[in-house]
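Content type compact mmCIF, C-alpha atoms, from the file start.txt:
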# COMPACT_ATOMS: atom_id res chain seq x y z
CA MET C 1 10.36 -58.82 88.80
CA GLU C 2 9.29 -57.40 92.20
CA GLN C 3 12.44 -55.33 92.66
CA TYR C 4 12.02 -53.87 89.17
CA ILE C 5 8.42 -52.84 89.90
CA ALA C 6 9.54 -51.22 93.16
CA LYS C 7 12.33 -49.39 91.31
CA ALA C 8 9.86 -48.32 88.61
CA ALA C 9 7.62 -46.78 91.26
CA ALA C 10 10.65 -45.11 92.87
CA LEU C 11 11.74 -43.52 89.57
CA LEU C 12 8.23 -42.30 88.79
CA GLY C 13 7.99 -41.03 92.35
CA ALA C 14 11.28 -39.15 92.02
CA GLY C 15 9.91 -37.31 88.99
CA ILE C 16 6.65 -36.45 90.73
CA ALA C 17 8.43 -35.35 93.92
CA MET C 18 10.84 -33.00 92.16
CA GLY C 19 8.29 -31.76 89.64
CA ILE C 20 5.45 -30.85 91.97
CA GLY C 21 7.90 -29.93 94.73
CA ALA C 22 9.46 -27.27 92.51
CA LEU C 23 6.09 -25.68 91.83
CA GLY C 24 5.68 -23.97 95.18
CA PRO C 25 9.18 -22.51 95.68
CA GLY C 26 9.27 -21.20 92.11
CA LEU C 27 5.96 -19.41 92.47
CA GLY C 28 6.71 -18.19 95.99
CA GLU C 29 10.18 -16.87 95.25
CA GLY C 30 8.89 -15.09 92.18
CA PHE C 31 6.19 -13.44 94.26
CA VAL C 32 8.76 -12.32 96.86
CA ALA C 33 11.02 -10.84 94.20
CA GLY C 34 8.12 -9.12 92.44
CA LYS C 35 7.04 -7.42 95.65
CA ALA C 36 10.67 -6.52 96.44
CA CYS C 37 10.98 -4.78 93.05
CA GLU C 38 7.83 -2.86 93.85
CA GLY C 39 9.15 -1.89 97.28
CA ILE C 40 12.52 -0.75 95.95
CA ALA C 41 10.84 1.34 93.27
CA ARG C 42 8.70 3.11 95.89
CA SER C 43 11.41 3.66 98.49
CA PRO C 44 14.84 3.26 96.87
CA GLU C 45 16.62 4.54 100.00
CA HIS C 46 15.78 1.18 101.64
CA ALA C 47 17.06 -0.88 98.72
CA SER C 48 19.71 -2.85 100.63
CA LEU C 49 17.32 -3.69 103.47
CA ILE C 50 14.64 -4.84 101.02
CA THR C 51 17.12 -6.91 99.01
CA ARG C 52 18.39 -8.57 102.18
CA THR C 53 14.88 -9.45 103.35
CA MET C 54 14.00 -10.69 99.86
CA LEU C 55 16.99 -13.04 99.78
CA ILE C 56 16.29 -14.41 103.28
CA GLY C 57 12.64 -14.96 102.39
CA GLN C 58 13.60 -16.70 99.17
CA ALA C 59 16.12 -18.90 100.97
CA VAL C 60 13.43 -20.07 103.40
CA SER C 61 11.04 -20.63 100.50
CA GLU C 62 13.73 -22.53 98.62
CA SER C 63 14.12 -25.07 101.44
CA THR C 64 11.05 -27.06 100.35
CA GLY C 65 12.50 -27.27 96.84
CA ILE C 66 15.71 -28.68 98.32
CA TYR C 67 13.69 -31.22 100.36
CA SER C 68 12.12 -32.40 97.09
CA LEU C 69 15.53 -32.63 95.46
CA VAL C 70 16.89 -34.69 98.36
CA VAL C 71 13.90 -37.04 98.29
CA ALA C 72 14.16 -37.41 94.50
CA LEU C 73 17.88 -38.23 94.70
CA LEU C 74 17.23 -40.71 97.53
CA LEU C 75 14.53 -42.40 95.45
CA ILE C 76 16.83 -42.62 92.42
CA PHE C 77 19.97 -43.84 94.16
CA THR C 78 19.06 -45.80 97.29
CA THR C 79 16.06 -47.93 96.36
CA MET Z 1 3.44 -59.76 73.86
CA ILE Z 2 5.01 -58.65 70.58
CA LEU Z 3 5.65 -54.98 70.04
CA SER Z 4 3.79 -53.82 66.95
CA ALA Z 5 3.83 -50.49 65.15
CA SER Z 6 0.28 -49.73 66.23
CA ILE Z 7 1.19 -49.93 69.94
CA LEU Z 8 3.97 -47.39 69.35
CA ASN Z 9 1.53 -45.27 67.36
CA VAL Z 10 -0.75 -45.07 70.39
CA ALA Z 11 2.13 -43.68 72.46
CA ALA Z 12 3.24 -41.26 69.74
CA TYR Z 13 -0.26 -39.89 69.14
CA LEU Z 14 -1.03 -39.56 72.85
CA GLY Z 15 2.27 -37.74 73.35
CA ALA Z 16 1.59 -35.47 70.37
CA ALA Z 17 -1.87 -34.57 71.68
CA ILE Z 18 -0.57 -33.73 75.16
CA ALA Z 19 2.33 -31.71 73.73
CA THR Z 20 0.27 -29.26 71.70
CA GLY Z 21 -2.89 -29.36 73.75
CA VAL Z 22 -1.43 -28.53 77.13
CA ALA Z 23 1.30 -26.22 75.78
CA SER Z 24 -1.24 -24.08 73.93
CA LEU Z 25 -3.45 -23.65 76.97
CA SER Z 26 -1.35 -21.13 78.84
CA ALA Z 27 0.02 -19.38 75.74
CA GLY Z 28 -3.55 -18.60 74.70
CA ILE Z 29 -4.52 -17.28 78.12
CA GLY Z 30 -1.30 -15.25 78.43
CA GLU Z 31 -1.66 -13.64 75.01
CA GLY Z 32 -5.28 -12.81 75.70
CA GLN Z 33 -4.29 -11.12 78.95
CA THR Z 34 -1.70 -9.01 77.11
CA ALA Z 35 -4.16 -7.98 74.42
CA GLY Z 36 -6.76 -7.15 77.05
CA GLU Z 37 -4.40 -4.84 78.95
CA ALA Z 38 -3.23 -3.27 75.68
CA SER Z 39 -6.81 -2.48 74.69
CA PHE Z 40 -7.54 -1.05 78.12
CA ALA Z 41 -4.36 1.06 77.97
CA LEU Z 42 -5.45 2.42 74.58
CA MET Z 43 -8.52 3.85 76.24
CA ARG Z 44 -6.27 5.93 78.54
CA GLN Z 45 -3.65 6.86 75.93
CA PRO Z 46 -5.13 6.75 72.44
CA LYS Z 47 -2.05 8.61 71.14
CA ALA Z 48 0.25 5.72 72.14
CA GLY Z 49 -1.64 3.42 69.78
CA ASP Z 50 1.26 2.43 67.50
CA GLY Z 51 3.70 1.80 70.32
CA LEU Z 52 1.17 -0.22 72.27
CA LEU Z 53 0.39 -2.36 69.25
CA ARG Z 54 4.09 -3.00 68.72
CA THR Z 55 4.76 -3.98 72.34
CA MET Z 56 1.63 -6.14 72.41
CA LEU Z 57 2.69 -8.02 69.27
CA ILE Z 58 6.27 -8.55 70.51
CA SER Z 59 4.97 -9.81 73.83
CA GLN Z 60 2.49 -12.16 72.19
CA ALA Z 61 5.18 -13.55 69.89
CA VAL Z 62 7.42 -14.34 72.87
CA THR Z 63 4.52 -15.85 74.82
CA GLU Z 64 3.71 -18.04 71.84
CA THR Z 65 7.19 -19.69 71.96
CA GLY Z 66 6.11 -22.42 74.36
CA ALA Z 67 3.16 -23.37 72.17
CA ILE Z 68 5.43 -23.46 69.11
CA PHE Z 69 7.83 -25.80 70.94
CA GLY Z 70 4.82 -28.01 71.70
CA LEU Z 71 3.75 -27.95 68.06
CA VAL Z 72 7.24 -28.87 66.84
CA VAL Z 73 7.47 -31.82 69.23
CA SER Z 74 3.95 -32.90 68.20
CA LEU Z 75 4.89 -32.93 64.53
CA LEU Z 76 8.12 -34.80 65.31
CA LEU Z 77 6.12 -37.39 67.25
CA ILE Z 78 3.51 -37.82 64.55
CA PHE Z 79 5.86 -38.00 61.57
CA SER Z 80 9.09 -39.44 62.92
CA GLY Z 81 8.02 -41.21 66.09
CA LEU Z 82 8.44 -44.62 64.46
CA ASP Z 83 11.75 -43.85 62.71
CA ASN Z 84 13.77 -46.08 65.02
CA PRO Z 85 12.29 -49.60 64.90
CA GLU Z 86 15.21 -51.12 66.89
CA ALA Z 87 14.37 -49.01 69.94
CA GLY Z 88 11.86 -51.60 71.11
CA TRP Z 89 9.69 -51.30 74.19
CA TYR Z 90 11.59 -48.33 75.70
CA ARG Z 91 10.19 -46.28 72.83
CA LEU Z 92 6.70 -46.66 74.30
CA GLY Z 93 7.84 -44.66 77.31
CA THR Z 94 10.03 -42.11 75.54
CA LEU Z 95 7.39 -41.14 72.97
CA MET Z 96 4.78 -40.43 75.63
CA ALA Z 97 7.30 -38.78 77.96
CA ALA Z 98 8.57 -36.45 75.20
CA GLY Z 99 5.05 -35.09 74.69
CA LEU Z 100 4.38 -34.85 78.41
CA ALA Z 101 7.63 -32.95 79.09
CA ILE Z 102 7.12 -30.15 76.58
CA GLY Z 103 3.35 -30.00 77.13
CA LEU Z 104 3.49 -29.51 80.89
CA GLY Z 105 6.77 -27.60 80.68
CA SER Z 106 5.33 -24.82 78.53
CA VAL Z 107 2.44 -24.01 80.86
CA GLY Z 108 4.34 -21.97 83.46
CA PRO Z 109 6.40 -19.87 81.01
CA GLY Z 110 3.24 -19.14 79.01
CA PHE Z 111 1.38 -17.77 82.01
CA GLY Z 112 4.47 -15.90 83.22
CA SER Z 113 5.28 -14.23 79.89
CA GLY Z 114 1.64 -13.31 79.41
CA TYR Z 115 1.54 -11.58 82.79
CA THR Z 116 4.76 -9.68 81.99
CA GLY Z 117 3.39 -8.53 78.66
CA ALA Z 118 0.11 -7.44 80.25
CA GLN Z 119 1.94 -5.37 82.89
CA ALA Z 120 4.16 -3.82 80.19
CA CYS Z 121 1.13 -2.71 78.17
CA LYS Z 122 -0.49 -1.30 81.31
CA SER Z 123 2.72 0.53 82.13
CA ILE Z 124 3.01 2.02 78.64
CA GLY Z 125 -0.58 3.17 78.90
CA ARG Z 126 0.40 5.10 82.00
CA MET Z 127 3.78 6.43 80.76
CA PRO Z 128 3.98 6.34 76.95
CA ASP Z 129 7.31 8.21 76.87
CA GLN Z 130 9.05 5.36 78.79
CA GLN Z 131 8.05 2.87 76.12
CA ASN Z 132 11.50 1.75 74.98
CA LYS Z 133 12.76 1.12 78.48
CA ILE Z 134 9.60 -0.79 79.41
CA THR Z 135 9.66 -2.96 76.27
CA THR Z 136 13.34 -3.81 76.79
CA THR Z 137 12.78 -4.88 80.40
CA MET Z 138 9.70 -6.83 79.36
CA LEU Z 139 11.70 -8.74 76.73
CA ILE Z 140 14.50 -9.56 79.20
CA GLY Z 141 11.96 -10.79 81.75
CA GLN Z 142 10.08 -12.87 79.21
CA ALA Z 143 13.32 -14.39 77.96
CA LEU Z 144 14.15 -15.41 81.55
CA ALA Z 145 10.69 -16.97 81.91
CA GLN Z 146 10.97 -18.81 78.59
CA THR Z 147 14.26 -20.44 79.66
CA ASP Z 148 12.08 -22.95 81.49
CA ALA Z 149 10.26 -23.85 78.27
CA ILE Z 150 13.67 -24.37 76.64
CA PHE Z 151 14.67 -26.73 79.49
CA ALA Z 152 11.52 -28.73 78.76
CA LEU Z 153 12.30 -28.75 75.04
CA VAL Z 154 15.82 -30.03 75.73
CA VAL Z 155 14.46 -32.88 77.86
CA SER Z 156 11.83 -33.64 75.23
CA LEU Z 157 14.36 -33.87 72.40
CA LEU Z 158 16.75 -35.93 74.54
CA LEU Z 159 13.91 -38.36 75.24
CA LEU Z 160 13.11 -38.56 71.53
CA TYR Z 161 16.61 -38.91 70.14
CA SER Z 162 19.19 -39.88 72.78
CA THR Z 163 17.67 -42.76 74.68
CA PRO Z 164 19.19 -46.24 74.32
CA ASN Z 165 17.55 -49.08 72.41
CA THR Z 166 15.96 -51.87 74.41
CA PRO Z 167 18.53 -54.68 74.95
CA ALA Z 168 17.44 -58.01 73.45
CA ASP Z 169 17.56 -59.78 76.83
CA ALA Z 170 15.67 -57.13 78.83
CA SER Z 171 13.07 -58.61 81.17
CA VAL Z 172 9.52 -57.25 81.47
CA GLY Z 173 10.30 -55.78 84.87
CA HIS Z 174 13.37 -53.98 83.57
CA ILE Z 175 11.37 -52.51 80.67
CA ILE Z 176 8.63 -51.28 83.03
CA MET Z 177 11.28 -49.70 85.25
CA ARG Z 178 12.90 -47.79 82.37
CA ILE Z 179 9.53 -46.63 81.01
CA CYS Z 180 8.57 -45.34 84.47
CA GLY Z 181 11.95 -43.61 84.66
CA TYR Z 182 11.31 -41.77 81.38
CA LEU Z 183 7.79 -40.77 82.47
CA GLY Z 184 9.26 -39.57 85.78
CA ALA Z 185 11.78 -37.41 83.90
CA ALA Z 186 8.94 -35.83 81.93
CA LEU Z 187 6.85 -35.18 85.07
CA SER Z 188 9.86 -33.71 86.87
CA ILE Z 189 10.73 -31.09 84.24
CA GLY Z 190 7.06 -30.63 83.27
CA PHE Z 191 5.77 -29.68 86.70
CA GLY Z 192 9.16 -28.29 87.77
CA THR Z 193 9.02 -25.41 85.30
CA PHE Z 194 5.48 -24.50 86.33
CA GLY Z 195 6.41 -22.50 89.41
CA PRO Z 196 9.60 -20.81 88.16
CA GLY Z 197 7.92 -19.86 84.87
CA ILE Z 198 5.02 -18.12 86.58
CA GLY Z 199 7.25 -16.73 89.33
CA ILE Z 200 9.78 -15.13 86.98
CA GLY Z 201 6.92 -13.78 84.89
CA TYR Z 202 5.50 -12.16 88.03
CA VAL Z 203 8.87 -10.59 88.95
CA ALA Z 204 9.31 -9.22 85.44
CA GLY Z 205 5.71 -7.99 85.38
CA ARG Z 206 6.08 -6.06 88.65
CA SER Z 207 9.39 -4.62 87.39
CA THR Z 208 7.93 -3.37 84.12
CA ASP Z 209 4.96 -1.92 85.98
CA MET Z 210 7.23 -0.08 88.43
CA LEU Z 211 9.55 1.14 85.65
CA GLY Z 212 6.67 3.09 84.20
CA ARG Z 213 5.89 4.76 87.51
CA TYR Z 214 9.40 5.32 88.92
CA SER Z 215 11.61 5.43 85.85
CA ALA Z 216 14.44 7.15 87.76
CA GLN Z 217 15.02 3.89 89.68
CA SER Z 218 15.34 1.75 86.56
CA SER Z 219 18.82 0.33 87.27
CA THR Z 220 17.98 -0.71 90.85
CA ILE Z 221 14.70 -2.27 89.73
CA THR Z 222 16.36 -4.23 86.92
CA ARG Z 223 19.10 -5.47 89.24
CA THR Z 224 16.59 -6.71 91.81
CA MET Z 225 14.60 -8.34 89.02
CA PHE Z 226 17.65 -10.30 87.85
CA LEU Z 227 18.54 -11.36 91.37
CA GLY Z 228 15.01 -12.48 92.20
CA ALA Z 229 14.55 -14.28 88.90
CA ALA Z 230 17.86 -16.11 89.30
CA VAL Z 231 16.89 -17.44 92.74
CA SER Z 232 13.45 -18.40 91.44
CA GLU Z 233 15.05 -20.24 88.52
CA SER Z 234 17.06 -22.53 90.83
CA THR Z 235 14.17 -24.95 91.42
CA ALA Z 236 13.77 -25.41 87.65
CA ILE Z 237 17.45 -26.33 87.49
CA TYR Z 238 16.96 -28.94 90.25
CA ALA Z 239 14.11 -30.39 88.18
CA LEU Z 240 16.33 -30.43 85.09
CA VAL Z 241 19.10 -32.27 86.99
CA VAL Z 242 16.63 -34.88 88.27
CA SER Z 243 15.28 -35.32 84.72
CA PHE Z 244 18.78 -35.90 83.32
CA LEU Z 245 19.51 -38.41 86.10
CA LEU Z 246 16.27 -40.27 85.38
CA ILE Z 247 16.99 -40.38 81.64
CA PHE Z 248 20.63 -41.41 81.76
CA ILE Z 249 20.97 -43.62 84.84
Output the structure of this file as structure tokens.
Amino acid sequence: MEQYIAKAAALLGAGIAMGIGALGPGLGEGFVAGKACEGIARSPEHASLITRTMLIGQAVSESTGIYSLVVALLLIFTT
Amino acid sequence: MILSASILNVAAYLGAAIATGVASLSAGIGEGQTAGEASFALMRQPKAGDGLLRTMLISQAVTETGAIFGLVVSLLLIFSGLDNPEAGWYRLGTLMAAGLAIGLGSVGPGFGSGYTGAQACKSIGRMPDQQNKITTTMLIGQALAQTDAIFALVVSLLLLYSTPNTPADASVGHIIMRICGYLGAALSIGFGTFGPGIGIGYVAGRSTDMLGRYSAQSSTITRTMFLGAAVSESTAIYALVVSFLLIFI
């Protein structure tokens, strides 16, 4: 019984971790890309520089989403 | 404790209420935002009236999608939630989780699509002759944002129709574990589409806004929009993967 309750909490926790963890990166990356579109429209001659910075910024922002994914997978498979 | 139909009814009705209630929240706000910007744009460009009305209606229809998904799942839960009497105690979890998944999952796309539509109407108010280009980009952006609502719908329908029946010898602990797993799957995809939905809507909104001002740059803007939206979408896909794992493992 005890191990099932612990596993139940782990599965619920995996869902919460991935769900709420995906909230921030999604919003943040969207904001980066929106501003990048605006920047490219205003000064198209810097398009490649802006795109590069956008992708680096998104990659850093994505890292927290990947942390959530790792924690969720750990909760599902190792407990 | 013996599982009776009324216990399952509680789960089905709760799930149905969450599905439509929460899903309609953001669709309503998003559509209102679009209509507000369209009305304001009319003040600047009264001659663009017909075009603005058309774009506003298209945008509102797309924004409504999430709420319609919620409504469909609600009706399924109310009228066919008890169709499978052999499913046993697991059904308690899947019925509630199905409502939770589509309800929470439609919130982000609703806000995102609404923002895109509002920016498109604003943009048309500024540059009525770019209307076709702006409406096309708006529709592409909204479609990208609504993908997240479709992910939630997929998880919701899987929870309703593809979950196993409770084995006869399942212990109480095992049943609690599976129910928590199903609820976890719903929370994962539900909250997981929140950020990407709003984020992609924001990207598409900025793109449509900029298309109106700098229409010569349309191809570069659209390309950057796709790239940014694709990266933003990745977290929703992680959430979808975790949901599938929680449902099927």
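Separating atom CA of Cys180 of chain Z from atom CA of Leu104 of chain Z is a distance of 17.0 Å.
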Find the residues of segment 104-187 of chain Z that sit at most 7 Å from segment 192-215 of chain Z; for each, write down the nearest two atoms and how far apart they are in Å, to one decimal. Count only C-alpha atoms. Sort by chain, then by number going up, and give it as a tab-separated table.
residue	atom	partner	partner_atom	distance
Z:Gly105	CA	Z:Thr193	CA	5.6
Z:Val107	CA	Z:Phe194	CA	6.3
Z:Gly108	CA	Z:Phe194	CA	4.0
Z:Pro109	CA	Z:Gly197	CA	4.1
Z:Phe111	CA	Z:Ile198	CA	5.9
Z:Gly112	CA	Z:Gly201	CA	3.6
Z:Ser113	CA	Z:Gly201	CA	5.3
Z:Tyr115	CA	Z:Gly205	CA	6.1
Z:Thr116	CA	Z:Gly205	CA	3.9
Z:Gln119	CA	Z:Gly205	CA	5.2
Z:Ala120	CA	Z:Thr208	CA	5.5
Z:Ser123	CA	Z:Asp209	CA	5.1
Z:Ile124	CA	Z:Gly212	CA	6.7
Z:Arg126	CA	Z:Gly212	CA	6.9
Z:Met127	CA	Z:Gly212	CA	5.6
Z:Gln130	CA	Z:Gly212	CA	6.3
Z:Ile134	CA	Z:Thr208	CA	5.6
Z:Thr137	CA	Z:Thr208	CA	6.3
Z:Met138	CA	Z:Thr208	CA	6.1
Z:Gly141	CA	Z:Ala204	CA	4.8
Z:Gln142	CA	Z:Gly201	CA	6.6
Z:Leu144	CA	Z:Ile200	CA	7.0
Z:Ala145	CA	Z:Gly197	CA	5.0
Z:Asp148	CA	Z:Thr193	CA	5.5
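With distances taken over all atoms listed in the file, Z:Ala185 is the one residue among Z:Ala185, Z:Leu139, Z:Ala168, Z:Ala230 lying closest to chain C.
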| said: At a cut-off of 9 Å, which residues of chain C touch chain Z? Count all atoms listed in the file and give the answer as a PyMOL selection string. | reply: chain C and resi 1-38+40-42+44+47+51+54-55+58-59+62+65-66+69+72-73+76
Taking every listed atom of segment 140-158 of chain Z and adding 3 Å to each side, what centre and edge lengths in Å (one decimal) does the axis-aligned box have, as JSON?
{"center_x": 13.4, "center_y": -22.7, "center_z": 77.2, "size_x": 12.7, "size_y": 32.4, "size_z": 15.5}
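Distance check against Gly110 of chain Z using only C-alpha atoms: of Z:Ala143, Z:Leu14, Z:Leu52, Z:Val155, the minimum falls on Z:Ala143.
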Atom pair atom CA of Ile78 of chain Z + atom CA of Leu95 of chain Z, distance 9.8 Å
*Go through Z:Val22, Z:Leu159, Z:Val10, Z:Leu82 one by one, measure the shortest atom-to-atom distance of each to Gly66 of chain Z using all atoms listed in the file, and give the residue with the smallest value.*
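Under the stated criterion, the closest residue is Z:Val22.
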request  = For atom CA of Gly49 of chain Z and atom CA of Ala67 of chain Z, quote the distance in Å rounded to one decimal.
outcome  =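 Going from atom CA of Gly49 of chain Z over to atom CA of Ala67 of chain Z covers 27.3 Å.
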Restricting to all atoms listed in the file, whichever of Z:Glu64, Z:Ala16, Z:Gly88, Z:Phe79 is closest to Asp169 of chain Z is Z:Gly88
Dig up all the protein and nucleic acid residues within 8 Å of (1.2, -27.9, 70.9) in the file frame, using all atoms listed in the file, and format them as an mmCIF file with C-alpha atoms, in the frame of the given file.
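The resulting file, selection-v4.cif, is reproduced below:
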data_model
loop_
_atom_site.group_PDB
_atom_site.id
_atom_site.type_symbol
_atom_site.label_atom_id
_atom_site.label_comp_id
_atom_site.auth_asym_id
_atom_site.auth_seq_id
_atom_site.Cartn_x
_atom_site.Cartn_y
_atom_site.Cartn_z
ATOM 1 C CA ALA Z 16 1.590 -35.470 70.370
ATOM 2 C CA ALA Z 17 -1.870 -34.570 71.680
ATOM 3 C CA ILE Z 18 -0.570 -33.730 75.160
ATOM 4 C CA ALA Z 19 2.330 -31.710 73.730
ATOM 5 C CA THR Z 20 0.270 -29.260 71.700
ATOM 6 C CA GLY Z 21 -2.890 -29.360 73.750
ATOM 7 C CA VAL Z 22 -1.430 -28.530 77.130
ATOM 8 C CA ALA Z 23 1.300 -26.220 75.780
ATOM 9 C CA SER Z 24 -1.240 -24.080 73.930
ATOM 10 C CA ALA Z 67 3.160 -23.370 72.170
ATOM 11 C CA ILE Z 68 5.430 -23.460 69.110
ATOM 12 C CA PHE Z 69 7.830 -25.800 70.940
ATOM 13 C CA GLY Z 70 4.820 -28.010 71.700
ATOM 14 C CA LEU Z 71 3.750 -27.950 68.060
ATOM 15 C CA VAL Z 72 7.240 -28.870 66.840
ATOM 16 C CA VAL Z 73 7.470 -31.820 69.230
ATOM 17 C CA SER Z 74 3.950 -32.900 68.200
ATOM 18 C CA GLY Z 103 3.350 -30.000 77.130
#
**Request:** Could you tell me which of Z:Asn165, Z:Thr63, Z:Thr136, Z:Gln45 comes closest to Gly114 of chain Z if we count all atoms listed in the file?
**Result:**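 Smallest distance to Gly114 of chain Z is found for Z:Thr63.
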Using all atoms listed in the file, which protein or nucleic acid residues come within 12 Å of Arg54 of chain Z? Drop anything in the same chain fewer than 6 positions from it, and give the result as a VMD selection string.
chain Z and resid 34 to 35 38 48 60 to 61 117 120 to 121 124 131 to 132 135
